[in-house]
Structures are given as C-alpha cells and as structure tokens.
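Okay, so here's the structure we're looking at.
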Amino acid sequence: MTDSIRTLIIGAGGFIGGFIASRALSLGHETWVAVRQSTSRRYLTDPRLHFVVLDYDDTTQMAEALTTALPEGERWDYMIYNLGATKCANFADFNRINFGYLRTFTDIIVSAGLTPRRFLYMSSLSALGPAAEDGSYSPLNARTIPQPNTRYGLSKMKAETLLRTLPDFPWIIFRPTGVYGPHEKDYLMMIQSIDSHFDFGVGYRRQMLTFIYVEDLVDAMFDALESPSTLHGTYIISEDRAYSQAEFRRIVAEELGGRFVIPVKLPLWAVYAASAVAEKWGLIQCKPSTLNRDKFKIMRQRNWNCDISDAQRDFGFTPRFDLRRGLQATIAQYLADKKSRK
C-alpha cells in the first residue's frame, strides 16, 4: 500500500499531457501515464513516472495492462482522461477515438473494480457549438444548450453524454477554450506567421477570442479533483476575458521585439474553398490536415466569450496568466527553439 495519491493520466504523451504529469509529480502524487507503444515520450522523461502502455483498439490488451499495473485490490485515486483527436483525415475517426475509446476504457475500469475517486474528462468548448452571434457577444455558460456544429464537437458531446449515463461514476467534465503554451502547435503557427510579418484573419466581422494558458488549465484540473463541490460538475475553463485578433497580434508582435505586421483578412468563401481542398488532399495522403471543413466552422465563429463563474464558485478557479504573460512564456520557448535550430 501507498499513502500518496495515485494519479493516472490517459493520453499523456502530448503537449498538455506533459504539463499534467509534471504538475502531478510536483504535488507529490504517485504518477502513472498511459501511452501508446508508438507515443513520443519527449515530455515524459522524469524517472519517477510509471508507464502503462495501452492499445486502444485492443480491448483484451487494455484490460490486462490496466488490471495488472497495480497490486491486486488497489486502484488509482484520480484519473485524468486527456486522450482525444482534434483533427482526423477521416471524420469517422472522431467518433471512434473521442467516443469509442472512452467507452471501452470506462467499461474496463468499471468491470475491473478500478473506478477512481475522481475521473476528470477533458472535453472541449466545441462540444457546446457556436455561441450566440446576434451582435451581443453573450458568453457561453452552464445554461447554454449544446448544439455542436462540428464532427469534433459532436464526438466530444457524445463522450460527455456517455459519462452522464454511468451510474455512480465520479466524473468531472472540463470544456477548455483554446489552450496555448510552449510546444503547442496550432497557436505556434500563428506566432510564426506574425514573426514573418503577416497575420491572417478569417472574415470581416469582429471576432472575440478566448484563451487559457496550459499551466492554468492544469492547475484547475487538480483543484477540481480535490474539491468536494465538483462531483458531476461541468466547467468551462478560460481566462475571464476575451481578446480581438488585433490585440493578439499586437501582443505577439511586441513580444517578438516589435515586429512590423501586415494584417490580411481572408473572405470566408476563400477559406472554405481552401479548407475543402486541404481536407481532400489530406484524405488522399491518409494524413489529417490542420485546415479542413470542421476547422473552418471553428474559425468562422465570431463569439468565443466564456462565463467561468461556475469554476470560480466550485473550486476557486482564478487564472494566473493573462494573455500577455502566457505569450511571453510561449514566445520565449519559440525563440529559444528557433535559435537552437540555427
């Protein structure tokens, strides 16, 4: 037996997963990371980490790996389910990965008696679908009726619904807005573009964007796991203000040393056409394309305002990083990596 808290992170190999593992270790948790055999362990190098290798397409292998990882009769206290696909060459894979894998995983741990004290599921703001675009820029909140308009968002909502149907399962659901930080790739592309003196925007109407720095998201996870008020709670996780693209561009340009940047506005029809072509090309190559019709629906959304009052009330959520501070850390890493490649 161990007196320390045992935490299992499912989907630990990516950008966010490395930060979760690092935070768990800093809190003194006995930290386990579930990864595929092929998963990069670039951000999982701490020798204190325990690994569980899972093949999510092989139920038998998963069951054996999970049931034999700990001594008989013992279990993890916390599980953070961070596994998911944000882009797929075949849209059917969203359902298979984001919904099907979760269903298989929960079936195994429930039947094996491995249900933890708390299970935190990383969903997405896209599970709610678009916010009101009536000109009021009203924020998404706990009372927003989910109407996901992307295949990605629909797969996340199906996963949330699955958890809600499990009797006595101790779930908590997070719906983070755009997560950024060192080593994240999508916002890195925007930073690289601004570093090259161009900032490409989609559509001509004002767009309000929200962000959450990765360390704030990870801190919120462990605060929510520890709080007695979060069981069966669903929380939007975001900085408590929105930014225009011009504000984002200005901050990035300043942190890059005062870059001169040319803003380029692309019409929605042109971006849609490019998205459709990129998606088909990715399908031909059997590789997911960053630009696709699902992504287009996200890019054209004008209102990403968020109400985080439920998280503030239930576990004292207060982001420490505003966008400037978070971008300072992100860009510092970007510049260091850029210098090392020269």
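Ordered as shown in the structure tokens, chains take letters A, B, and onward, while each chain numbers its residues from 1 and ligands are numbered from 1 in the order shown.
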When you look at A:Tyr121 with a cut-off of 8 Å (counting only C-alpha atoms), what residues show up, excluding the ones that are within fewer than 2 positions of it in the same chain? I need them as a JSON list (two decimals) with C-alpha atoms, in the first residue's frame.
```json
[["chain", "number", "residue", "atom", "x", "y", "z"],
["A", 80, "ILE", "CA", -7.39, 12.44, -15.92],
["A", 81, "TYR", "CA", -8.63, 11.41, -19.34],
["A", 82, "ASN", "CA", -6.77, 13.64, -21.78],
["A", 119, "PHE", "CA", -12.36, 10.95, -13.06],
["A", 123, "SER", "CA", -13.84, 17.75, -23.33],
["A", 171, "TRP", "CA", -16.92, 12.20, -13.40],
["A", 172, "ILE", "CA", -15.94, 15.84, -13.74],
["A", 173, "ILE", "CA", -16.03, 17.44, -17.20],
["A", 174, "PHE", "CA", -13.80, 20.28, -18.38]]
```
Original post:
If we count only C-alpha atoms, what is near A:Phe91 at a cut-off of 9 Å, once residues fewer than 5 positions away on the same chain are taken out, given as an MDAnalysis selection string?
Top reply: chainID A and resid 151:152 294
A:Phe260 environment, 10 Å, only C-alpha atoms, sequence neighbours closer than 3 positions dropped, as a short mmCIF file (atom, residue, chain, number, x, y, z; two decimals) with N, CA and C atoms, in the first residue's frame:
```
data_model
loop_
_atom_site.label_atom_id
_atom_site.label_comp_id
_atom_site.auth_asym_id
_atom_site.auth_seq_id
_atom_site.Cartn_x
_atom_site.Cartn_y
_atom_site.Cartn_z
N ILE A 194 3.17 35.70 -37.68
CA ILE A 194 3.40 37.08 -37.25
C ILE A 194 4.90 37.38 -37.23
N ASP A 195 5.70 36.40 -36.87
CA ASP A 195 7.16 36.55 -36.90
C ASP A 195 7.65 36.81 -38.32
N SER A 196 6.86 36.32 -39.30
CA SER A 196 7.19 36.54 -40.72
C SER A 196 6.49 37.77 -41.28
N HIS A 197 5.91 38.59 -40.37
CA HIS A 197 5.32 39.90 -40.69
C HIS A 197 3.91 39.84 -41.28
N PHE A 198 3.25 38.68 -41.20
CA PHE A 198 1.88 38.58 -41.69
C PHE A 198 0.98 37.96 -40.64
N ARG A 250 -1.03 42.31 -31.71
CA ARG A 250 -0.20 43.36 -31.12
C ARG A 250 0.70 42.79 -30.01
N ALA A 253 3.45 40.60 -31.59
CA ALA A 253 4.44 41.44 -32.28
C ALA A 253 5.36 42.13 -31.28
N GLU A 254 4.79 42.62 -30.19
CA GLU A 254 5.61 43.28 -29.17
C GLU A 254 6.57 42.31 -28.50
N LEU A 256 7.80 39.72 -29.77
CA LEU A 256 8.82 39.32 -30.76
C LEU A 256 9.82 40.45 -31.02
N GLY A 257 9.72 41.52 -30.24
CA GLY A 257 10.67 42.61 -30.38
C GLY A 257 10.17 43.77 -31.20
N PRO A 263 -1.70 42.91 -41.39
CA PRO A 263 -2.89 42.08 -41.21
C PRO A 263 -3.56 41.80 -42.55
#
```
Original post:
Quick one: of A:Ala92, A:Leu140, A:Arg249, A:Phe19, who's nearest to A:Leu125, counting only C-alpha atoms?
Top reply: A:Leu140
**OP:** Determine which residues of stretch 207-285 of chain A DSSP labels as strand (DSSP E or B) from the backbone of this structure, then write them out as a PyMOL selection string.
**Re:** chain A and resi 208-209+211-213+234-237+243-244+262-266
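Closest to A:Asp168 among A:Arg41, A:His232, A:Leu102, A:Arg206 is A:His232, based on only C-alpha atoms.
Near A:Ser124, within 9 Å and counting only C-alpha atoms, sit A:Gly153, A:Lys156, A:Met157, A:Phe174, A:Arg175, A:Pro176, A:Thr177, A:Gly178, A:Ile236; same-chain residues fewer than 6 positions away were not included.
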I need the residues from that last selection saved to file as a short mmCIF file (atom, residue, chain, number, x, y, z; two decimals), in the first residue's frame (with N, CA and C atoms), if you can.
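The result, written out as part16.cif:
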```cif
data_model
loop_
_atom_site.label_atom_id
_atom_site.label_comp_id
_atom_site.auth_asym_id
_atom_site.auth_seq_id
_atom_site.Cartn_x
_atom_site.Cartn_y
_atom_site.Cartn_z
N GLY A 153 -16.74 18.43 -32.27
CA GLY A 153 -17.58 18.83 -31.15
C GLY A 153 -18.64 17.80 -30.83
N LYS A 156 -17.17 14.90 -28.90
CA LYS A 156 -16.93 15.27 -27.51
C LYS A 156 -18.23 15.29 -26.71
N MET A 157 -19.32 15.77 -27.32
CA MET A 157 -20.60 15.77 -26.63
C MET A 157 -21.10 14.34 -26.40
N PHE A 174 -14.37 18.98 -18.05
CA PHE A 174 -13.80 20.28 -18.38
C PHE A 174 -14.05 20.58 -19.86
N ARG A 175 -14.48 21.81 -20.13
CA ARG A 175 -14.62 22.29 -21.50
C ARG A 175 -13.68 23.49 -21.69
N PRO A 176 -12.41 23.25 -21.95
CA PRO A 176 -11.49 24.37 -22.11
C PRO A 176 -11.66 25.06 -23.45
N THR A 177 -11.40 26.36 -23.47
CA THR A 177 -11.29 27.09 -24.72
C THR A 177 -9.91 26.82 -25.30
N GLY A 178 -9.44 27.65 -26.22
CA GLY A 178 -8.16 27.40 -26.87
C GLY A 178 -7.00 27.36 -25.89
N ILE A 236 -16.57 25.30 -17.87
CA ILE A 236 -15.86 26.00 -18.93
C ILE A 236 -14.59 26.57 -18.31
#
```
Original post:
What lies within 6 Å of A:Ile9 using only C-alpha atoms, ignoring chain neighbours under 6 positions off, as a PyMOL selection string?
Top reply: chain A and resi 33-34+79-80
Original post:
Contacts of A:Leu162 at 10 Å or less, counting only C-alpha atoms, minus same-chain residues fewer than 2 places along, as a ChimeraX atom specification?
Top reply: /A:99-100,102-103,106,156-160,164-166
